[in-house]
file upload-v5.txt (compact mmCIF, C-alpha atoms and all ligand atoms)
# COMPACT_ATOMS: atom_id res chain seq x y z
CA MET A 6 11.96 89.98 109.56
CA ALA A 7 14.00 86.85 109.61
CA ALA A 8 11.33 84.94 107.71
CA SER A 9 11.63 87.26 104.68
CA ARG A 10 15.38 86.95 104.40
CA VAL A 11 16.59 85.26 101.26
CA PRO A 12 19.25 82.63 101.90
CA LEU A 13 22.67 83.42 100.49
CA TRP A 14 22.73 80.42 98.16
CA ALA A 15 19.52 81.67 96.51
CA VAL A 16 21.11 85.07 95.91
CA CYS A 17 24.10 83.35 94.30
CA VAL A 18 21.89 81.24 92.07
CA LEU A 19 19.96 84.34 91.05
CA ARG A 20 23.12 86.24 90.24
CA VAL A 21 24.45 83.39 88.15
CA ALA A 22 21.10 83.11 86.41
CA LEU A 23 21.19 86.78 85.46
CA ALA A 24 23.50 86.51 82.49
CA THR A 25 23.65 83.82 79.87
CA VAL A 26 26.90 83.88 77.95
CA TYR A 27 26.42 82.04 74.68
CA PHE A 28 29.87 82.71 73.33
CA GLN A 29 33.01 84.38 74.64
CA GLU A 30 36.41 84.34 73.00
CA GLU A 31 39.51 86.21 74.15
CA PHE A 32 42.20 84.03 72.51
CA LEU A 33 44.12 83.53 75.75
CA ASP A 34 45.23 79.93 75.20
CA GLY A 35 47.79 80.24 72.43
CA GLU A 36 47.26 78.17 69.32
CA ARG A 37 44.32 76.26 70.79
CA TRP A 38 41.94 78.72 69.12
CA ARG A 39 42.44 76.57 66.04
CA ASN A 40 40.34 73.85 67.71
CA ARG A 41 37.45 76.28 68.10
CA TRP A 42 37.61 78.24 64.84
CA VAL A 43 37.10 76.56 61.50
CA GLN A 44 38.75 77.97 58.41
CA SER A 45 36.50 77.58 55.38
CA THR A 46 37.87 75.50 52.54
CA ASN A 47 35.17 76.66 50.13
CA ASP A 48 37.88 78.55 48.21
CA SER A 49 41.55 77.61 48.41
CA LYS A 50 42.46 81.28 47.93
CA PHE A 51 40.80 82.39 51.16
CA GLY A 52 43.23 84.35 53.31
CA HIS A 53 44.63 82.99 56.55
CA PHE A 54 44.39 84.32 60.08
CA ARG A 55 47.06 84.26 62.73
CA LEU A 56 47.07 85.13 66.41
CA SER A 57 48.69 88.51 66.98
CA SER A 58 48.52 91.62 69.11
CA GLY A 59 50.05 93.68 66.29
CA THR A 60 52.90 96.16 66.19
CA PHE A 61 51.62 98.13 69.18
CA TYR A 62 49.25 97.05 71.92
CA GLY A 63 48.10 97.57 75.49
CA HIS A 64 49.05 94.08 76.63
CA LYS A 65 51.07 91.68 74.50
CA GLU A 66 49.04 88.57 75.47
CA LYS A 67 45.57 89.95 76.25
CA ASP A 68 45.45 91.93 73.02
CA LYS A 69 46.13 88.89 70.86
CA GLY A 70 43.31 88.26 68.42
CA LEU A 71 42.65 86.96 64.92
CA GLN A 72 44.67 88.99 62.43
CA THR A 73 44.22 88.94 58.66
CA THR A 74 47.58 88.20 57.05
CA GLN A 75 47.29 88.43 53.27
CA ASN A 76 46.48 91.43 51.10
CA GLY A 77 43.68 91.35 48.55
CA ARG A 78 41.94 88.28 49.94
CA PHE A 79 38.56 87.03 51.01
CA TYR A 80 38.49 85.59 54.50
CA ALA A 81 36.05 83.05 55.92
CA ILE A 82 36.36 81.59 59.39
CA SER A 83 33.79 80.73 62.04
CA ALA A 84 33.21 79.28 65.50
CA ARG A 85 30.25 77.31 66.77
CA PHE A 86 28.41 77.40 70.07
CA GLN A 87 25.42 75.75 71.63
CA PRO A 88 22.41 76.92 69.59
CA PHE A 89 19.89 79.24 71.17
CA SER A 90 16.96 81.48 70.35
CA ASN A 91 16.85 85.13 71.42
CA LYS A 92 13.07 85.25 71.36
CA GLY A 93 11.80 87.24 74.33
CA LYS A 94 15.38 87.99 75.40
CA THR A 95 17.93 90.68 74.85
CA LEU A 96 20.74 89.81 72.47
CA VAL A 97 24.11 91.51 72.87
CA LEU A 98 26.82 91.05 70.26
CA GLN A 99 30.18 92.62 71.07
CA TYR A 100 33.78 92.45 69.83
CA THR A 101 36.84 94.60 69.26
CA VAL A 102 38.52 95.42 65.97
CA LYS A 103 41.76 97.21 65.20
CA HIS A 104 42.82 98.32 61.74
CA GLU A 105 46.48 98.98 62.48
CA GLN A 106 47.42 98.73 58.80
CA LYS A 107 45.78 102.01 57.72
CA MET A 108 42.65 100.42 56.34
CA ASP A 109 41.89 101.65 52.84
CA CYS A 110 39.23 99.17 51.82
CA GLY A 111 37.92 96.20 53.71
CA GLY A 112 35.44 94.74 56.13
CA GLY A 113 35.77 94.77 59.90
CA TYR A 114 32.40 93.20 60.66
CA VAL A 115 31.19 89.92 62.09
CA LYS A 116 28.34 87.68 61.01
CA VAL A 117 26.09 85.59 63.22
CA PHE A 118 24.84 82.41 61.62
CA PRO A 119 22.10 79.84 62.13
CA ALA A 120 23.27 76.59 63.69
CA ASP A 121 22.99 74.69 60.41
CA LEU A 122 25.94 76.64 58.93
CA ASP A 123 28.35 74.37 57.08
CA GLN A 124 31.52 75.88 58.53
CA ARG A 125 33.97 74.30 56.09
CA ASN A 126 31.90 75.61 53.22
CA LEU A 127 31.43 79.12 54.63
CA SER A 128 31.36 81.74 51.87
CA GLY A 129 29.71 85.05 51.00
CA LYS A 130 26.66 83.03 50.02
CA SER A 131 26.18 81.38 53.40
CA PRO A 132 22.91 82.63 54.92
CA TYR A 133 23.33 84.63 58.12
CA TYR A 134 21.08 86.27 60.71
CA ILE A 135 23.08 89.37 61.59
CA MET A 136 25.97 91.25 60.05
CA PHE A 137 27.38 93.89 62.34
CA GLY A 138 30.41 96.14 62.37
CA PRO A 139 32.53 98.62 60.45
CA ASP A 140 33.15 98.66 56.73
CA ILE A 141 35.62 101.05 55.14
CA CYS A 142 36.29 101.67 51.47
CA GLY A 143 37.93 104.82 50.18
CA PHE A 144 36.41 108.12 51.23
CA ASP A 145 32.82 107.09 50.59
CA VAL A 146 32.26 104.06 52.78
CA LYS A 147 32.94 104.47 56.49
CA LYS A 148 29.94 102.86 58.04
CA VAL A 149 28.72 100.47 60.67
CA HIS A 150 26.54 97.78 59.11
CA VAL A 151 23.65 96.35 61.05
CA ILE A 152 22.03 93.90 58.64
CA LEU A 153 19.19 91.74 59.93
CA TYR A 154 17.72 88.71 58.22
CA PHE A 155 13.94 88.73 58.30
CA LYS A 156 11.35 87.17 56.05
CA HIS A 157 13.95 85.63 53.76
CA GLN A 158 15.63 88.96 53.11
CA TYR A 159 18.53 90.99 54.40
CA HIS A 160 17.59 94.40 55.73
CA SER A 161 20.21 97.12 56.23
CA ASN A 162 19.93 99.87 58.79
CA LYS A 163 18.54 102.90 56.98
CA LYS A 164 20.04 105.32 59.50
CA PRO A 165 23.72 105.75 58.64
CA ILE A 166 26.14 105.02 61.49
CA ARG A 167 29.72 106.17 61.07
CA CYS A 168 32.53 103.86 62.11
CA LYS A 169 35.95 104.62 63.59
CA VAL A 170 38.64 104.94 60.95
CA ASP A 171 41.86 105.26 62.95
CA GLY A 172 44.34 102.50 63.72
CA PHE A 173 43.42 101.87 67.36
CA THR A 174 41.33 99.07 68.83
CA HIS A 175 37.64 99.90 69.06
CA GLN A 176 34.83 98.04 70.72
CA TYR A 177 31.58 97.54 68.82
CA THR A 178 28.38 96.52 70.61
CA LEU A 179 24.97 95.73 69.17
CA ILE A 180 22.02 95.34 71.54
CA LEU A 181 18.71 93.97 70.23
CA ARG A 182 15.93 94.02 72.80
CA PRO A 183 12.71 91.97 72.75
CA ASP A 184 10.64 95.17 72.54
CA LEU A 185 12.21 95.68 69.08
CA THR A 186 14.47 98.50 70.20
CA TYR A 187 18.21 98.49 69.54
CA VAL A 188 21.40 100.24 70.59
CA VAL A 189 24.72 100.47 68.76
CA LYS A 190 27.69 101.37 70.93
CA ILE A 191 31.24 102.19 69.95
CA ASP A 192 33.80 102.11 72.74
CA GLY A 193 31.01 101.74 75.29
CA GLN A 194 29.18 104.89 74.17
CA ALA A 195 25.73 104.59 72.60
CA ILE A 196 25.96 106.28 69.21
CA GLU A 197 22.67 105.14 67.75
CA ALA A 198 19.47 103.74 69.24
CA GLY A 199 15.80 103.48 68.46
CA SER A 200 13.20 101.18 67.01
CA VAL A 201 14.22 98.36 64.68
CA GLU A 202 10.91 98.66 62.80
CA TYR A 203 11.47 102.35 62.19
CA ASP A 204 15.21 102.48 61.52
CA TRP A 205 15.18 99.45 59.20
CA GLN A 206 11.90 100.44 57.61
CA VAL A 207 10.63 96.90 57.93
CA THR A 208 7.16 96.02 59.15
CA SER A 209 7.17 93.58 61.99
CA LEU A 210 5.51 90.19 61.71
CA LYS A 211 3.18 91.11 64.56
CA THR A 212 1.74 94.04 62.65
CA GLU A 213 1.29 91.98 59.51
CA GLN A 214 -0.21 89.03 61.27
CA ALA A 215 -2.84 91.22 62.84
CA SER A 216 -4.06 92.38 59.43
CA ALA A 217 -3.39 89.25 57.36
CA LYS A 218 -6.19 86.94 56.35
CA PRO A 219 -4.68 83.48 56.17
CA GLN A 220 -7.83 82.04 54.63
CA ASP A 221 -7.36 84.38 51.66
CA ARG A 222 -4.07 82.83 50.74
CA ALA A 223 -3.83 80.06 48.22
CA ARG A 224 -3.04 76.78 49.89
CA ALA A 225 -1.81 74.79 46.93
CA GLY A 226 1.66 73.33 47.27
CA LYS A 227 3.88 70.34 46.95
CA ALA A 228 5.01 67.93 49.59
CA LYS A 229 8.52 68.18 48.13
CA ASP A 230 8.72 71.90 48.80
CA TRP A 231 7.27 71.45 52.23
CA GLU A 232 10.07 69.09 53.10
CA LYS A 233 12.81 71.61 52.29
CA PRO A 234 14.74 72.38 55.45
CA PHE A 235 14.30 75.75 57.09
CA LEU A 236 15.79 77.47 60.11
CA ASP A 237 14.23 75.78 63.05
CA ALA A 238 13.60 76.95 66.59
CA SER A 239 12.90 73.61 68.11
CA ALA A 240 16.50 72.38 68.14
CA ARG A 241 17.23 70.81 71.50
CA LYS A 242 20.48 70.88 73.36
CA PRO A 243 22.11 67.49 72.85
CA SER A 244 22.24 65.49 76.07
CA ASP A 245 25.95 64.77 75.54
CA TRP A 246 26.84 68.44 75.00
CA THR A 247 29.85 69.04 77.24
CA GLY A 248 30.23 72.81 77.09
CA GLU A 249 33.39 72.53 75.02
CA LEU A 250 33.07 74.17 71.64
CA PRO A 251 34.38 71.82 68.96
CA GLY A 252 33.89 72.96 65.40
CA ASP A 253 32.04 69.85 64.40
CA TRP A 254 28.81 70.05 66.34
CA PRO A 255 26.23 68.44 64.05
CA ALA A 256 23.54 70.72 62.69
CA PRO A 257 20.15 70.03 64.30
CA MET A 258 17.52 68.36 62.16
CA PRO A 259 14.70 70.60 61.01
CA GLN A 260 11.44 69.58 62.61
CA LYS A 261 8.18 70.04 60.76
CA PRO A 262 4.66 68.78 61.05
CA PRO A 263 3.79 66.13 58.44
CA TYR A 264 2.82 67.38 55.02
CA GLN A 265 -0.89 67.85 54.48
CA ASP A 266 -2.60 68.27 51.20
CA GLY A 267 -3.32 71.89 50.33
CA LEU A 268 -0.46 73.52 52.21
CA GLN A 269 1.34 76.39 50.50
CA PRO A 270 5.00 76.33 51.45
CA GLU A 271 6.33 78.68 48.74
CA GLY A 272 5.46 82.09 47.38
CA ILE A 273 4.76 85.53 48.71
CA GLY A 274 4.02 85.56 52.39
CA ARG A 275 5.40 82.06 52.72
CA ASP A 276 7.25 82.65 55.93
CA VAL A 277 4.43 84.62 57.52
CA TRP A 278 2.13 81.81 56.62
CA LEU A 279 4.64 79.19 57.74
CA HIS A 280 5.10 80.85 61.09
CA GLU A 281 1.37 81.20 61.57
CA THR A 282 0.64 77.63 60.66
CA LEU A 283 3.47 76.14 62.65
CA GLY A 284 2.82 78.53 65.51
CA SER A 285 -0.85 77.67 65.75
CA ALA A 286 0.00 73.99 65.41
CA GLY A 287 2.31 74.41 68.41
CA TYR A 288 5.39 73.48 66.39
CA LEU A 289 7.10 76.81 66.15
CA PRO A 290 6.86 80.05 68.03
CA THR A 291 6.36 83.16 65.93
CA PHE A 292 9.62 84.96 65.34
CA ASP A 293 9.70 88.62 64.62
CA LEU A 294 12.21 91.24 63.49
CA SER A 295 15.51 90.79 65.30
CA GLU A 296 14.40 87.47 66.79
CA PHE A 297 16.34 84.48 65.58
CA GLU A 298 15.36 80.91 66.08
CA ASN A 299 18.52 78.92 66.07
CA ILE A 300 21.63 81.06 66.50
CA GLY A 301 24.65 78.77 66.45
CA ALA A 302 27.81 80.30 64.96
CA ILE A 303 29.79 83.50 64.63
CA GLY A 304 32.21 84.21 61.84
CA LEU A 305 34.37 86.59 59.87
CA GLU A 306 33.43 86.53 56.21
CA LEU A 307 34.92 89.57 54.53
CA TRP A 308 37.28 91.07 51.97
CA GLN A 309 40.38 93.11 52.71
CA VAL A 310 42.62 95.00 50.30
CA ARG A 311 45.32 95.56 52.88
CA SER A 312 45.50 93.01 55.68
CA GLY A 313 46.46 93.46 59.32
CA THR A 314 43.08 93.88 61.05
CA ILE A 315 42.84 92.22 64.48
CA PHE A 316 39.52 90.87 65.84
CA ASP A 317 39.25 90.07 69.54
CA ASN A 318 37.05 89.87 72.66
CA PHE A 319 34.02 88.32 70.99
CA LEU A 320 30.95 88.10 73.20
CA ILE A 321 27.37 86.98 72.70
CA THR A 322 25.13 87.25 75.76
CA ASP A 323 21.60 88.13 76.84
CA ASP A 324 22.81 90.59 79.46
CA GLU A 325 23.70 94.22 78.73
CA GLU A 326 25.43 94.70 82.08
CA TYR A 327 27.55 91.62 81.64
CA ALA A 328 28.65 92.90 78.24
CA GLU A 329 29.60 96.20 79.81
CA SER A 330 31.69 94.57 82.54
CA PHE A 331 33.30 92.23 80.04
CA GLY A 332 34.15 95.25 77.88
CA LYS A 333 35.66 97.07 80.83
CA ALA A 334 37.69 94.02 81.85
CA THR A 335 39.10 93.53 78.33
CA TRP A 336 39.23 96.53 75.98
CA GLY A 337 38.78 98.92 78.93
CA GLN A 338 42.02 97.70 80.46
CA THR A 339 44.22 97.83 77.38
CA LYS A 340 42.93 100.79 75.36
CA ASP A 341 45.01 103.45 77.17
CA PRO A 342 48.27 101.46 77.31
CA GLU A 343 47.79 100.80 73.58
CA ARG A 344 47.77 104.53 72.85
CA GLU A 345 50.76 105.06 75.12
CA MET A 346 52.76 102.44 73.23
CA ASP A 347 51.77 104.05 69.95
CA ALA A 348 52.84 107.48 71.25
CA VAL A 349 56.23 106.11 72.32
CA GLN A 350 56.69 104.49 68.91
CA ALA A 351 55.65 107.68 67.12
CA LYS A 352 58.18 109.71 69.11
CA GLU A 353 60.84 107.15 68.33
CA ASP A 354 59.93 107.32 64.63
CA ILE A 355 60.27 111.10 64.66
CA ARG A 356 63.59 110.92 66.44
CA LYS A 357 64.94 108.44 63.89
CA ALA A 358 63.58 110.48 60.99
CA GLN A 359 65.21 113.64 62.33
CA GLU A 360 68.48 111.82 62.77
CA GLU A 361 68.30 110.59 59.20
CA ASP A 362 67.50 114.11 57.99
CA GLU A 363 70.42 115.54 59.90
CA GLU A 364 72.70 112.92 58.43
CA GLU A 365 71.40 113.79 54.98
CA LEU A 366 71.95 117.50 55.64
CA MET A 367 75.47 116.80 56.86
CA ALA A 368 76.05 114.87 53.69
CA GLY A 369 74.80 117.92 51.77
CA ARG A 370 71.53 116.45 50.61
CA LEU A 371 68.13 118.13 50.96
CA GLY A 372 64.61 116.86 51.40
CA GLY A 373 63.32 114.01 53.48
CA HIS A 374 60.62 115.95 55.27
CA GLU A 375 57.78 113.74 54.14
CA SER A 376 59.48 110.75 55.66
CA TYR A 377 58.42 111.63 59.16
CA LEU A 378 55.35 113.66 58.33
CA ASN A 379 53.88 110.44 56.99
CA ARG A 380 54.16 108.60 60.27
CA PHE A 381 51.17 109.95 62.14
CA HIS A 382 48.52 107.88 60.45
CA LYS A 383 47.30 106.00 63.55
CA ARG A 384 45.79 109.16 64.95
CA ASP A 385 44.50 110.54 61.69
CA GLU A 386 41.32 110.04 59.83
CA LEU A 387 42.27 107.78 56.99
C1 LIG B 401 31.67 77.39 47.54
O1 LIG B 401 30.47 78.15 47.75
C2 LIG B 401 29.81 78.43 46.55
C3 LIG B 401 28.69 79.38 46.88
O2 LIG B 401 27.91 78.90 47.91
C4 LIG B 401 29.33 77.13 45.92
O3 LIG B 401 28.63 77.40 44.74
C5 LIG B 401 30.50 76.22 45.67
O4 LIG B 401 30.05 74.98 45.25
C6 LIG B 401 31.33 76.06 46.94
N1 LIG B 401 32.57 75.36 46.62
C7 LIG B 401 32.97 74.29 47.31
C8 LIG B 401 34.32 73.75 46.91
O5 LIG B 401 32.33 73.80 48.21
C1 LIG B 402 28.56 74.80 49.70
O1 LIG B 402 27.41 75.61 49.89
C2 LIG B 402 26.71 75.90 48.68
C3 LIG B 402 25.55 76.79 49.05
O2 LIG B 402 25.99 77.94 49.74
C4 LIG B 402 26.24 74.65 48.00
O3 LIG B 402 25.68 74.99 46.78
C5 LIG B 402 27.42 73.71 47.80
O4 LIG B 402 26.97 72.49 47.29
C6 LIG B 402 28.15 73.47 49.08
N1 LIG B 402 29.33 72.65 48.86
C7 LIG B 402 29.63 71.60 49.59
C8 LIG B 402 30.89 70.90 49.25
O5 LIG B 402 28.91 71.21 50.50
call {"tool": "encode", "arguments": {"input": "upload-v5.txt", "output": "structure tokens", "more": "lines below"}}
Ligand SMILES: *[C@@H]1O[C@H](CO)[C@@H](O)[C@H](O)[C@H]1NC(C)=O
Ligand SMILES: *[C@@H]1O[C@H](CO)[C@@H](O)[C@H](O)[C@H]1NC(C)=O
result
Amino acid sequence: MAASRVPLWAVCVLRVALATVYFQEEFLDGERWRNRWVQSTNDSKFGHFRLSSGTFYGHKEKDKGLQTTQNGRFYAISARFQPFSNKGKTLVLQYTVKHEQKMDCGGGYVKVFPADLDQRNLSGKSPYYIMFGPDICGFDVKKVHVILYFKHQYHSNKKPIRCKVDGFTHQYTLILRPDLTYVVKIDGQAIEAGSVEYDWQVTSLKTEQASAKPQDRARAGKAKDWEKPFLDASARKPSDWTGELPGDWPAPMPQKPPYQDGLQPEGIGRDVWLHETLGSAGYLPTFDLSEFENIGAIGLELWQVRSGTIFDNFLITDDEEYAESFGKATWGQTKDPEREMDAVQAKEDIRKAQEEDEEELMAGRLGGHESYLNRFHKRDEL
């Protein structure tokens, strides 16, 4: 019996090895978030973020997150982390978002970028891997986007997923598994799940590769085109990487085999061909739907008509259970107190409104009913 016992240190190592946390941000160190998040200067009119827990919250400090501050603006801000590939691993993307301003039209989503993102030049044109989260505009758009970049195109989820539209903080989780299944959770509850291939109506690279005939494809091309950079899986962790997350980590150099006459780097099927060639040459593993080679940044790149949205508790990990515990330790702890504070404020608002009405009645004036009927918006569907 004793011989089969696993020493305690081994158990500890195993437990630590279970979860890899690629990025985690709770904004608990005051203004130091500014060292980790880079505001894009691509457009001088981009709106600014500040750290705030809003007008009501569960915990004044823990609920502080990035809040949009200017109406009718585009926003573009991002943070970098040590690049990784999710090939063969689960990818969990999670964060919380609160539209306390009565969101009428604006984005509440995040984007995940390749490591070669130029953060200072971040704009709507910057290529991304994943866009995930709620988008609200008028009565028509109330959806959760899950957009995946595959084969040089963005693919939206074809199954509609409805987002939360009230003014409370909600937790959004996207899980992409290596078997090409996915789960979308809101507030810890799975609200959509299935096959990426099916729900995005995109054929996986594996299926195509099986039927493709590489020898049938034209192989004419130019060395110049071949040398264009592309998103590369072979980026290595720099030896001097310290674990701190400064915004200026240099983008890794794309690595390609030398140009050979007759290669066809452009055109239809280019990336399938590229993956095949590089894969068989041992330069690049084959990446499929929802597998990304060089994930290296997360950002908010969106438009808001009315500002006030707060983004918090960002997490990128390979471990579904870790994401769950992190969610419970953050949003799980403050969600109920947040509603209590809102209820207290709402009661106070009603009391004040009634007082004002009574004063108006005493003064012989009528009306004023709408004034407090309008104050329940946090609970309501917008
Ligand atoms: C901002 O981004 C756009 C689109 O990518 C680009 O055309 C433009 O040159 C950029 N502006 C600056 C100041 O970098
Ligand atoms: C910003 O990025 C765009 C492509 O998205 C590029 O055309 C432009 O030259 C870049 N600007 C700077 C200053 O790097």
call {"tool": "residues_near_ligand", "arguments": {"input": "upload-v5.txt", "ligand": "ligand LIG 402 (chain B)", "cutoff": "7 Å", "atoms": "all atoms listed in the file", "output": "list in words"}}
result
Asn47, Asn126, Ser128, Lys130 and Ser131 of chain A
call {"tool": "residues_near_ligand", "arguments": {"input": "upload-v5.txt", "ligand": "ligand LIG 401 (chain B)", "cutoff": "12 Å", "atoms": "all atoms listed in the file", "output": "PDB file with C-alpha atoms, in the coordinates of the input"}}
result
ATOM      1  CA  SER A  45      36.500  77.580  55.380  1.00  0.00           C
ATOM      2  CA  THR A  46      37.870  75.500  52.540  1.00  0.00           C
ATOM      3  CA  ASN A  47      35.170  76.660  50.130  1.00  0.00           C
ATOM      4  CA  ASP A  48      37.880  78.550  48.210  1.00  0.00           C
ATOM      5  CA  SER A  49      41.550  77.610  48.410  1.00  0.00           C
ATOM      6  CA  LYS A  50      42.460  81.280  47.930  1.00  0.00           C
ATOM      7  CA  PHE A  51      40.800  82.390  51.160  1.00  0.00           C
ATOM      8  CA  ALA A  81      36.050  83.050  55.920  1.00  0.00           C
ATOM      9  CA  LEU A 122      25.940  76.640  58.930  1.00  0.00           C
ATOM     10  CA  ASP A 123      28.350  74.370  57.080  1.00  0.00           C
ATOM     11  CA  GLN A 124      31.520  75.880  58.530  1.00  0.00           C
ATOM     12  CA  ARG A 125      33.970  74.300  56.090  1.00  0.00           C
ATOM     13  CA  ASN A 126      31.900  75.610  53.220  1.00  0.00           C
ATOM     14  CA  LEU A 127      31.430  79.120  54.630  1.00  0.00           C
ATOM     15  CA  SER A 128      31.360  81.740  51.870  1.00  0.00           C
ATOM     16  CA  GLY A 129      29.710  85.050  51.000  1.00  0.00           C
ATOM     17  CA  LYS A 130      26.660  83.030  50.020  1.00  0.00           C
ATOM     18  CA  SER A 131      26.180  81.380  53.400  1.00  0.00           C
ATOM     19  CA  PRO A 132      22.910  82.630  54.920  1.00  0.00           C
TER      20      PRO A 132
END
call {"tool": "atom_distance", "arguments": {"input": "upload-v5.txt", "atom1": "CA of His150 in chain A", "atom2": "CA of Gly199 in chain A"}}
result
15.3 Å
call {"tool": "closest_residue", "arguments": {"input": "upload-v5.txt", "among": "A:Gln359, A:Thr322, A:Ser83, A:Thr208", "to": "Ala24 in chain A", "atoms": "all atoms listed in the file"}}
result
A:Thr322
call {"tool": "residues_around", "arguments": {"input": "upload-v5.txt", "residues": "Phe86 in chain A", "least_positions_apart": "4", "cutoff": "8 Å", "atoms": "only C-alpha atoms", "output": "list of chain:residue names"}}
result
A:Tyr27, A:Phe28, A:Leu250, A:Gly301, A:Ala302
call {"tool": "closest_residue", "arguments": {"input": "upload-v5.txt", "among": "A:Lys65, A:Ala84, A:Asp347, A:Lys116", "to": "Trp42 in chain A", "atoms": "only C-alpha atoms"}}
result
A:Ala84
call {"tool": "atom_distance", "arguments": {"input": "upload-v5.txt", "atom1": "CA of Arg41 in chain A", "atom2": "CA of Asp192 in chain A"}}
result
26.5 Å
call {"tool": "closest_residue", "arguments": {"input": "upload-v5.txt", "among": "A:Gly52, A:Gly337, A:Gly313, A:Gly304", "to": "Arg85 in chain A", "atoms": "all atoms listed in the file"}}
result
A:Gly304
call {"tool": "closest_residue", "arguments": {"input": "upload-v5.txt", "among": "A:Phe297, A:Tyr154, A:Phe173, A:Tyr203", "to": "Glu345 in chain A", "atoms": "only C-alpha atoms"}}
result
A:Phe173
call {"tool": "closest_residue", "arguments": {"input": "upload-v5.txt", "among": "A:Ser295, A:Gln206, A:Ser90, A:Asn162", "to": "Asp184 in chain A", "atoms": "all atoms listed in the file"}}
result
A:Ser295
call {"tool": "atom_distance", "arguments": {"input": "upload-v5.txt", "atom1": "CA of Arg55 in chain A", "atom2": "CA of Gly77 in chain A"}}
result
16.2 Å
call {"tool": "closest_residue", "arguments": {"input": "upload-v5.txt", "among": "A:Ser58, A:Thr95, A:Asn76, A:Thr291", "to": "Val310 in chain A", "atoms": "all atoms listed in the file"}}
result
A:Asn76
call {"tool": "residues_around", "arguments": {"input": "upload-v5.txt", "residues": "Gly93 in chain A", "least_positions_apart": "2", "cutoff": "10 Å", "atoms": "only C-alpha atoms", "output": "list in words"}}
result
Ser90, Asn91, Thr95, Leu96, Arg182, Pro183, Asp184, Leu185, Phe292 and Glu296 of chain A
call {"tool": "residues_around", "arguments": {"input": "upload-v5.txt", "residues": "Gly193 in chain A", "least_positions_apart": "5", "cutoff": "8 Å", "atoms": "only C-alpha atoms", "output": "compact mmCIF listing (two decimals) with C-alpha atoms, in the coordinates of the input"}}
result
# COMPACT_ATOMS: atom_id res chain seq x y z
CA GLN A 176 34.83 98.04 70.72
CA TYR A 177 31.58 97.54 68.82
CA THR A 178 28.38 96.52 70.61
CA GLU A 329 29.60 96.20 79.81
CA GLY A 332 34.15 95.25 77.88
call {"tool": "residues_around", "arguments": {"input": "upload-v5.txt", "residues": "Phe316 in chain A", "least_positions_apart": "6", "cutoff": "6 Å", "atoms": "only C-alpha atoms", "output": "list in words"}}
result
Gly70, Leu71, Thr101 and Val102 of chain A
